[in-house]
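Below: model_18.cif (mmCIF, C-alpha atoms)
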data_input
loop_
_atom_site.group_PDB
_atom_site.id
_atom_site.type_symbol
_atom_site.label_atom_id
_atom_site.label_comp_id
_atom_site.auth_asym_id
_atom_site.auth_seq_id
_atom_site.Cartn_x
_atom_site.Cartn_y
_atom_site.Cartn_z
ATOM 1 C CA ILE L 255 6.501 6.784 -7.592
ATOM 2 C CA ILE L 256 8.859 8.359 -10.095
ATOM 3 C CA THR L 257 7.772 7.513 -13.614
ATOM 4 C CA THR L 258 7.140 10.304 -16.093
ATOM 5 C CA ILE L 259 8.558 13.715 -16.969
ATOM 6 C CA LYS L 260 9.670 17.049 -15.594
ATOM 7 C CA ILE L 261 8.920 20.175 -17.575
ATOM 8 C CA TYR L 262 10.429 23.307 -16.039
ATOM 9 C CA TYR L 263 13.765 24.870 -16.927
ATOM 10 C CA HIS L 264 15.656 26.477 -14.107
ATOM 11 C CA TYR L 265 18.079 29.377 -14.053
ATOM 12 C CA LEU L 266 21.820 29.277 -13.508
ATOM 13 C CA GLY L 267 22.690 29.022 -9.818
ATOM 14 C CA ALA L 268 19.228 28.011 -8.623
ATOM 15 C CA TRP L 269 20.477 24.595 -7.477
ATOM 16 C CA PRO L 270 24.192 25.145 -6.762
ATOM 17 C CA TRP L 271 24.595 21.672 -5.216
ATOM 18 C CA MET L 272 23.451 19.815 -8.333
ATOM 19 C CA VAL L 273 26.052 17.460 -9.746
ATOM 20 C CA GLY L 274 26.241 15.622 -13.062
ATOM 21 C CA LEU L 275 28.003 12.251 -13.140
ATOM 22 C CA GLY L 276 30.442 11.715 -16.005
ATOM 23 C CA TYR L 277 31.301 8.248 -17.311
ATOM 24 C CA VAL L 278 33.819 6.989 -19.870
ATOM 25 C CA GLY L 279 33.357 3.873 -21.969
ATOM 26 C CA VAL L 280 35.628 1.023 -20.889
ATOM 27 C CA ASN L 281 35.964 -0.624 -24.291
ATOM 28 C CA GLN L 282 35.613 2.421 -26.495
ATOM 29 C CA ASN L 283 38.190 4.534 -28.292
ATOM 30 C CA ASN L 284 36.122 7.641 -27.613
ATOM 31 C CA ARG L 285 37.060 8.782 -24.097
ATOM 32 C CA ALA L 286 34.627 11.701 -24.065
ATOM 33 C CA LEU L 287 32.513 11.950 -20.937
ATOM 34 C CA GLN L 288 28.963 10.664 -21.112
ATOM 35 C CA TRP L 289 26.600 12.319 -18.639
ATOM 36 C CA ASN L 290 24.127 10.052 -16.872
ATOM 37 C CA CYS L 291 22.664 10.306 -13.366
ATOM 38 C CA GLY L 292 22.837 13.194 -10.954
ATOM 39 C CA GLY L 293 24.156 13.789 -7.485
ATOM 40 C CA THR L 294 24.170 16.299 -4.645
ATOM 41 C CA LEU L 295 27.142 18.133 -3.179
ATOM 42 C CA VAL L 296 27.005 17.743 0.617
ATOM 43 C CA THR L 297 30.521 18.854 1.626
ATOM 44 C CA ASN L 298 33.474 20.358 -0.217
ATOM 45 C CA LYS L 299 34.636 16.823 -1.012
ATOM 46 C CA HIS L 300 31.570 14.553 -0.973
ATOM 47 C CA VAL L 301 28.600 13.886 -3.261
ATOM 48 C CA LEU L 302 25.498 11.814 -2.532
ATOM 49 C CA THR L 303 23.987 9.785 -5.359
ATOM 50 C CA ALA L 304 22.045 6.580 -5.998
ATOM 51 C CA ALA L 305 23.866 3.283 -5.603
ATOM 52 C CA HIS L 306 22.507 1.953 -8.887
ATOM 53 C CA CYS L 307 24.289 4.809 -10.666
ATOM 54 C CA VAL L 308 27.677 3.453 -9.606
ATOM 55 C CA TYR L 309 27.125 -0.254 -8.898
ATOM 56 C CA ASN L 310 27.894 -2.935 -11.474
ATOM 57 C CA ILE L 311 27.924 -0.483 -14.376
ATOM 58 C CA ARG L 312 28.680 -2.369 -17.576
ATOM 59 C CA ASN L 313 31.008 -0.994 -20.240
ATOM 60 C CA ALA L 314 31.412 2.333 -18.450
ATOM 61 C CA LYS L 315 33.245 3.780 -15.483
ATOM 62 C CA LEU L 316 32.353 6.794 -13.361
ATOM 63 C CA THR L 317 35.376 9.078 -13.385
ATOM 64 C CA THR L 318 34.173 12.650 -12.945
ATOM 65 C CA VAL L 319 31.546 14.891 -11.408
ATOM 66 C CA ARG L 320 30.542 18.237 -12.853
ATOM 67 C CA LEU L 321 29.515 21.164 -10.662
ATOM 68 C CA GLY L 322 28.221 24.649 -11.354
ATOM 69 C CA ASP L 323 26.727 23.894 -14.755
ATOM 70 C CA LEU L 324 23.363 24.588 -16.366
ATOM 71 C CA ASP L 325 23.624 23.177 -19.888
ATOM 72 C CA LEU L 326 25.916 20.185 -20.390
ATOM 73 C CA ASP L 327 26.275 21.037 -24.081
ATOM 74 C CA PRO L 328 29.617 22.888 -24.333
ATOM 75 C CA THR L 329 28.423 24.766 -27.420
ATOM 76 C CA VAL L 330 25.620 26.474 -25.467
ATOM 77 C CA GLU L 331 26.553 29.804 -23.880
ATOM 78 C CA ASP L 332 24.834 29.894 -20.498
ATOM 79 C CA ASN L 333 27.390 31.948 -18.494
ATOM 80 C CA ALA L 334 28.168 28.923 -16.338
ATOM 81 C CA ARG L 335 31.636 28.167 -15.026
ATOM 82 C CA PRO L 336 31.484 24.361 -14.852
ATOM 83 C CA LEU L 337 33.992 22.551 -12.707
ATOM 84 C CA ASP L 338 34.939 18.929 -13.377
ATOM 85 C CA VAL L 339 36.394 17.052 -10.413
ATOM 86 C CA PRO L 340 37.783 13.487 -10.488
ATOM 87 C CA VAL L 341 36.124 10.864 -8.300
ATOM 88 C CA GLU L 342 38.591 9.366 -5.828
ATOM 89 C CA SER L 343 36.467 6.639 -4.247
ATOM 90 C CA ILE L 344 32.915 5.311 -4.029
ATOM 91 C CA ILE L 345 31.144 4.002 -0.925
ATOM 92 C CA ILE L 346 27.960 2.020 -1.584
ATOM 93 C CA HIS L 347 25.470 1.317 1.212
ATOM 94 C CA GLU L 348 26.447 -2.036 2.703
ATOM 95 C CA ASP L 349 22.863 -3.317 2.490
ATOM 96 C CA TYR L 350 22.216 -2.196 -1.069
ATOM 97 C CA ASN L 351 20.633 -4.853 -3.276
ATOM 98 C CA GLU L 352 20.072 -3.977 -6.920
ATOM 99 C CA ASN L 353 16.966 -6.176 -7.014
ATOM 100 C CA VAL L 354 15.027 -4.098 -4.470
ATOM 101 C CA LEU L 355 14.383 -0.392 -3.933
ATOM 102 C CA ALA L 356 15.839 0.026 -0.445
ATOM 103 C CA ASN L 357 19.266 1.441 0.458
ATOM 104 C CA ASP L 358 19.841 2.828 -3.041
ATOM 105 C CA ILE L 359 22.427 5.329 -1.881
ATOM 106 C CA ALA L 360 26.140 5.892 -2.400
ATOM 107 C CA LEU L 361 28.714 8.458 -1.319
ATOM 108 C CA LEU L 362 31.361 9.756 -3.703
ATOM 109 C CA LYS L 363 34.622 11.126 -2.356
ATOM 110 C CA LEU L 364 36.205 13.664 -4.666
ATOM 111 C CA LYS L 365 39.919 13.765 -5.389
ATOM 112 C CA ASP L 366 40.083 17.520 -4.829
ATOM 113 C CA SER L 367 38.274 19.814 -2.421
ATOM 114 C CA VAL L 368 35.770 22.184 -4.004
ATOM 115 C CA THR L 369 35.850 25.933 -3.419
ATOM 116 C CA PHE L 370 32.358 27.293 -2.843
ATOM 117 C CA ASP L 371 31.084 30.296 -4.787
ATOM 118 C CA ASP L 372 27.754 31.650 -6.028
ATOM 119 C CA LEU L 373 27.288 28.694 -8.410
ATOM 120 C CA ILE L 374 28.698 25.895 -6.244
ATOM 121 C CA GLN L 375 27.325 25.338 -2.745
ATOM 122 C CA PRO L 376 26.469 22.274 -0.629
ATOM 123 C CA ILE L 377 22.877 21.442 0.211
ATOM 124 C CA CYS L 378 21.782 21.297 3.853
ATOM 125 C CA MET L 379 21.599 17.876 5.483
ATOM 126 C CA PRO L 380 18.603 16.961 7.700
ATOM 127 C CA ILE L 381 20.753 16.451 10.774
ATOM 128 C CA THR L 382 18.454 17.683 13.534
ATOM 129 C CA SER L 383 15.490 15.586 14.642
ATOM 130 C CA LYS L 384 13.205 18.559 13.950
ATOM 131 C CA ILE L 385 14.083 18.470 10.267
ATOM 132 C CA LYS L 386 14.378 14.687 9.955
ATOM 133 C CA ASN L 387 10.903 14.184 11.406
ATOM 134 C CA ILE L 388 9.196 17.086 9.681
ATOM 135 C CA ASP L 389 5.774 16.376 8.172
ATOM 136 C CA MET L 390 6.092 16.698 4.401
ATOM 137 C CA SER L 391 2.700 15.184 3.593
ATOM 138 C CA ARG L 392 1.285 18.446 2.243
ATOM 139 C CA SER L 393 4.472 19.791 0.741
ATOM 140 C CA LEU L 394 5.770 19.952 -2.818
ATOM 141 C CA PRO L 395 9.531 19.376 -2.659
ATOM 142 C CA PHE L 396 11.674 19.839 -5.751
ATOM 143 C CA VAL L 397 13.482 17.369 -7.980
ATOM 144 C CA ALA L 398 16.035 18.463 -10.585
ATOM 145 C CA GLY L 399 18.176 16.765 -13.174
ATOM 146 C CA TRP L 400 19.322 16.350 -16.755
ATOM 147 C CA GLY L 401 17.196 13.260 -17.447
ATOM 148 C CA THR L 402 14.933 12.678 -20.425
ATOM 149 C CA THR L 403 11.661 14.562 -20.754
ATOM 150 C CA ARG L 404 9.914 11.742 -22.586
ATOM 151 C CA PRO L 405 7.800 8.994 -20.981
ATOM 152 C CA THR L 406 9.750 6.029 -19.652
ATOM 153 C CA ASP L 407 8.241 3.585 -22.129
ATOM 154 C CA THR L 408 10.600 5.099 -24.698
ATOM 155 C CA TYR L 409 13.708 3.840 -22.927
ATOM 156 C CA SER L 410 16.027 4.983 -25.681
ATOM 157 C CA ALA L 411 14.887 8.588 -25.337
ATOM 158 C CA PRO L 412 17.945 10.825 -24.894
ATOM 159 C CA PRO L 413 18.473 12.972 -21.807
ATOM 160 C CA VAL L 414 18.243 16.729 -22.060
ATOM 161 C CA THR L 415 21.339 18.900 -21.788
ATOM 162 C CA THR L 416 19.740 21.698 -19.745
ATOM 163 C CA LEU L 417 19.092 21.212 -16.035
ATOM 164 C CA MET L 418 15.360 21.017 -15.373
ATOM 165 C CA GLU L 419 13.181 20.947 -12.276
ATOM 166 C CA VAL L 420 9.734 19.954 -11.061
ATOM 167 C CA GLN L 421 7.800 19.943 -7.805
ATOM 168 C CA VAL L 422 6.241 16.656 -6.719
ATOM 169 C CA PRO L 423 3.970 15.771 -3.776
ATOM 170 C CA ILE L 424 4.970 13.278 -1.108
ATOM 171 C CA THR L 425 2.974 10.052 -1.401
ATOM 172 C CA LYS L 426 1.716 8.174 1.649
ATOM 173 C CA SER L 427 3.520 4.895 2.329
ATOM 174 C CA ASP L 428 0.390 2.765 1.979
ATOM 175 C CA GLU L 429 -0.480 4.375 -1.354
ATOM 176 C CA CYS L 430 3.081 3.884 -2.530
ATOM 177 C CA ALA L 431 3.071 0.219 -1.477
ATOM 178 C CA LYS L 432 -0.177 -0.287 -3.376
ATOM 179 C CA ALA L 433 1.287 1.315 -6.491
ATOM 180 C CA TYR L 434 4.234 -1.086 -6.322
ATOM 181 C CA SER L 435 2.157 -4.148 -5.385
ATOM 182 C CA ASP L 436 2.904 -5.767 -8.748
ATOM 183 C CA GLU L 437 6.631 -5.356 -8.188
ATOM 184 C CA SER L 438 7.532 -8.462 -6.196
ATOM 185 C CA SER L 439 11.036 -7.186 -5.484
ATOM 186 C CA ALA L 440 9.941 -3.752 -4.255
ATOM 187 C CA ILE L 441 10.290 -3.134 -0.538
ATOM 188 C CA ILE L 442 8.334 -0.093 0.622
ATOM 189 C CA ASP L 443 9.159 0.626 4.261
ATOM 190 C CA ASP L 444 10.551 3.451 6.381
ATOM 191 C CA ARG L 445 13.724 3.475 4.276
ATOM 192 C CA VAL L 446 11.767 4.541 1.203
ATOM 193 C CA LEU L 447 10.189 7.946 0.613
ATOM 194 C CA CYS L 448 7.761 8.095 -2.311
ATOM 195 C CA ALA L 449 6.932 11.230 -4.264
ATOM 196 C CA GLY L 450 4.979 11.915 -7.423
ATOM 197 C CA PHE L 451 1.576 12.650 -8.890
ATOM 198 C CA PRO L 452 -0.712 9.591 -9.007
ATOM 199 C CA GLU L 453 -1.918 10.650 -12.454
ATOM 200 C CA GLY L 454 1.629 11.180 -13.708
ATOM 201 C CA GLY L 455 2.479 13.945 -16.160
ATOM 202 C CA LYS L 456 5.162 15.717 -14.127
ATOM 203 C CA ASP L 457 7.975 13.880 -12.391
ATOM 204 C CA SER L 458 11.591 12.835 -12.648
ATOM 205 C CA CYS L 459 12.602 10.373 -15.334
ATOM 206 C CA ARG L 460 15.404 8.165 -16.652
ATOM 207 C CA GLY L 461 18.713 9.958 -16.202
ATOM 208 C CA ASP L 462 17.597 11.867 -13.103
ATOM 209 C CA SER L 463 18.586 9.024 -10.771
ATOM 210 C CA GLY L 464 20.894 10.041 -7.953
ATOM 211 C CA GLY L 465 19.614 13.597 -7.827
ATOM 212 C CA PRO L 466 18.065 15.099 -4.688
ATOM 213 C CA LEU L 467 14.536 15.453 -3.399
ATOM 214 C CA MET L 468 14.835 19.006 -2.059
ATOM 215 C CA TYR L 469 12.660 20.346 0.731
ATOM 216 C CA PRO L 470 12.537 24.136 1.252
ATOM 217 C CA LYS L 471 12.584 25.380 4.837
ATOM 218 C CA GLY L 472 12.924 29.120 5.277
ATOM 219 C CA LYS L 473 15.764 30.253 3.031
ATOM 220 C CA GLN L 474 17.436 26.846 2.989
ATOM 221 C CA TYR L 475 16.951 23.595 1.119
ATOM 222 C CA TYR L 476 17.399 20.165 2.674
ATOM 223 C CA ILE L 477 18.019 16.899 0.892
ATOM 224 C CA MET L 478 15.275 14.555 2.083
ATOM 225 C CA GLY L 479 15.643 11.790 -0.478
ATOM 226 C CA ILE L 480 17.461 10.565 -3.573
ATOM 227 C CA VAL L 481 15.864 9.766 -6.927
ATOM 228 C CA SER L 482 16.009 5.987 -7.241
#
Exercise: express the given structure as structure tokens:
Amino acid sequence: IITTIKIYYHYLGAWPWMVGLGYVGVNQNNRALQWNCGGTLVTNKHVLTAAHCVYNIRNAKLTTVRLGDLDLDPTVEDNARPLDVPVESIIIHEDYNENVLANDIALLKLKDSVTFDDLIQPICMPITSKIKNIDMSRSLPFVAGWGTTRPTDTYSAPPVTTLMEVQVPITKSDECAKAYSDESSAIIDDRVLCAGFPEGGKDSCRGDSGGPLMYPKGKQYYIMGIVS
């Protein structure tokens, strides 16, 4: 249940796997990158994001990912060393359907391999059964992104330029299904992980799609979901 706003700024290097997706207008003279959606670095050449961020995008084309940045505004001095890498190819989940919530995942292959440093690192993947099956019902995993901080009813609200974060609780499947009961196209099953406060107020928002739901375990963070 991802509907409202996030409110906390983070510091440079806190989420070194965070990726911004850069698009260029197809029918526009201005070829400057427009930043929309997030992603997660999972290897030195691959980024996970949401399928709807790259599928059937009208009047724009995803060309670039940005790593190691804090504020996307180039006039802001934040001591970041942002790295822009061209996108070589996009793999969308074969069962993705833009009319439902399930399988909203895509993998980006980068043209060049990324060199890891203190500001650019991959997130951990939940490969082992112990991590994949961990009980997150009482946890508060993190979400981060450059999306808007205004309520979603103001669709034209601009995104922020500074990376922000929030912690959100995992929502039980039955509660999530009930919340989406009016959405006839919504499929809430074991492919969908819901997170958010029932009363709203703090959450991810438009422009955060594709970013990770990050679960802390010891000194590591695991990607357990993607903002959809």
* Identify which of the residues L:Gly274, L:Gly479, L:Val339, L:Leu266 lies closest to L:Pro380, counting all atoms listed in the file when measuring atom-to-atom distances. =>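 Answer, going by the shortest atom-to-atom distance: L:Gly479.
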* Result set, the PyMOL selection byres ((chain L and resi 419) around 6) on current file, as a list in words ->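 On the file shown, the PyMOL selection byres ((chain L and resi 419) around 6) covers Tyr262, Val397, Ala398, Met418 and Val420 of chain L.
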* To do: Report the residues retrieved by the PyMOL selection byres ((chain L and resi 270) around 10) from the displayed file, expressed as number ranges by chain.
  => L: 266-269, 271-273, 294-295, 321-324, 370-377
* Name all residues at most 9 Å from L:Lys426 (count all atoms listed in the file; drop same-chain ones fewer than 5 positions away) and give them as a PyMOL selection string. => chain L and resi 391+431+447-449
* Asked: Between L:Glu348, L:Glu331, L:Asp462, L:Asp358, which one has atoms that come closest to L:Val414, using all atoms listed in the file?
  ->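 Using all atoms listed in the file, L:Val414 sits closest to L:Asp462.
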* Kindly indicate which residue among L:Gly464, L:Ser367, L:Ile385, L:Asp428 lies nearest to L:Ile441, using all atoms listed in the file for the distances. =>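 Looking only at the distances to L:Ile441, the closest residue turns out to be L:Asp428.
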* **Interatomic distance (Å, one decimal) between atom CA of L:Gly276 and atom CA of L:Arg320** =>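 Separation of atom CA of L:Gly276 and atom CA of L:Arg320: 7.2 Å.
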* To do: Using only C-alpha atoms, pick whichever of L:Val422, L:Thr416, L:Val481, L:Ala305 has the shortest atom-to-atom distance to L:Asn351.
  =>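 For L:Asn351, the nearest of the given residues is L:Ala305.
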* **Minimum-distance residue to L:Trp400, chosen among L:Leu361, L:Cys291, L:Ala304, L:Val280 (using only C-alpha atoms)** =>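 Among L:Leu361, L:Cys291, L:Ala304, L:Val280, it is L:Cys291 that comes nearest to L:Trp400.
Computed from the coordinates, the atom CA of L:Thr318 to atom CA of L:Leu275 distance equals 6.2 Å.
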* To do: Check the smallest atom-to-atom distance from each of L:Ser427, L:Val330, L:Met478, L:Cys307 to L:Glu352 using all atoms listed in the file, then report the winner.
  =>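 Comparing L:Ser427, L:Val330, L:Met478, L:Cys307 against L:Glu352, the winner is L:Cys307.
The gap separating atom CA of L:Leu337 from atom CA of L:Pro470 is 25.6 Å, in Å to one decimal.
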* To do: Spell out the residues picked by the PyMOL selection byres ((chain L and resi 423) around 8) here, as a list in words.
  =>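 Applied to this file, the PyMOL selection byres ((chain L and resi 423) around 8) returns Ser391, Arg392, Ser393, Leu394, Pro395, Gln421, Val422, Ile424, Thr425, Ala449, Gly450 and Phe451 of chain L.
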Please produce an output containing C-alpha atoms for each residue in the selection, written as a compact mmCIF listing (two decimals), in the frame of the given file.
# COMPACT_ATOMS: atom_id res chain seq x y z
CA SER L 391 2.70 15.18 3.59
CA ARG L 392 1.28 18.45 2.24
CA SER L 393 4.47 19.79 0.74
CA LEU L 394 5.77 19.95 -2.82
CA PRO L 395 9.53 19.38 -2.66
CA GLN L 421 7.80 19.94 -7.80
CA VAL L 422 6.24 16.66 -6.72
CA ILE L 424 4.97 13.28 -1.11
CA THR L 425 2.97 10.05 -1.40
CA ALA L 449 6.93 11.23 -4.26
CA GLY L 450 4.98 11.92 -7.42
CA PHE L 451 1.58 12.65 -8.89
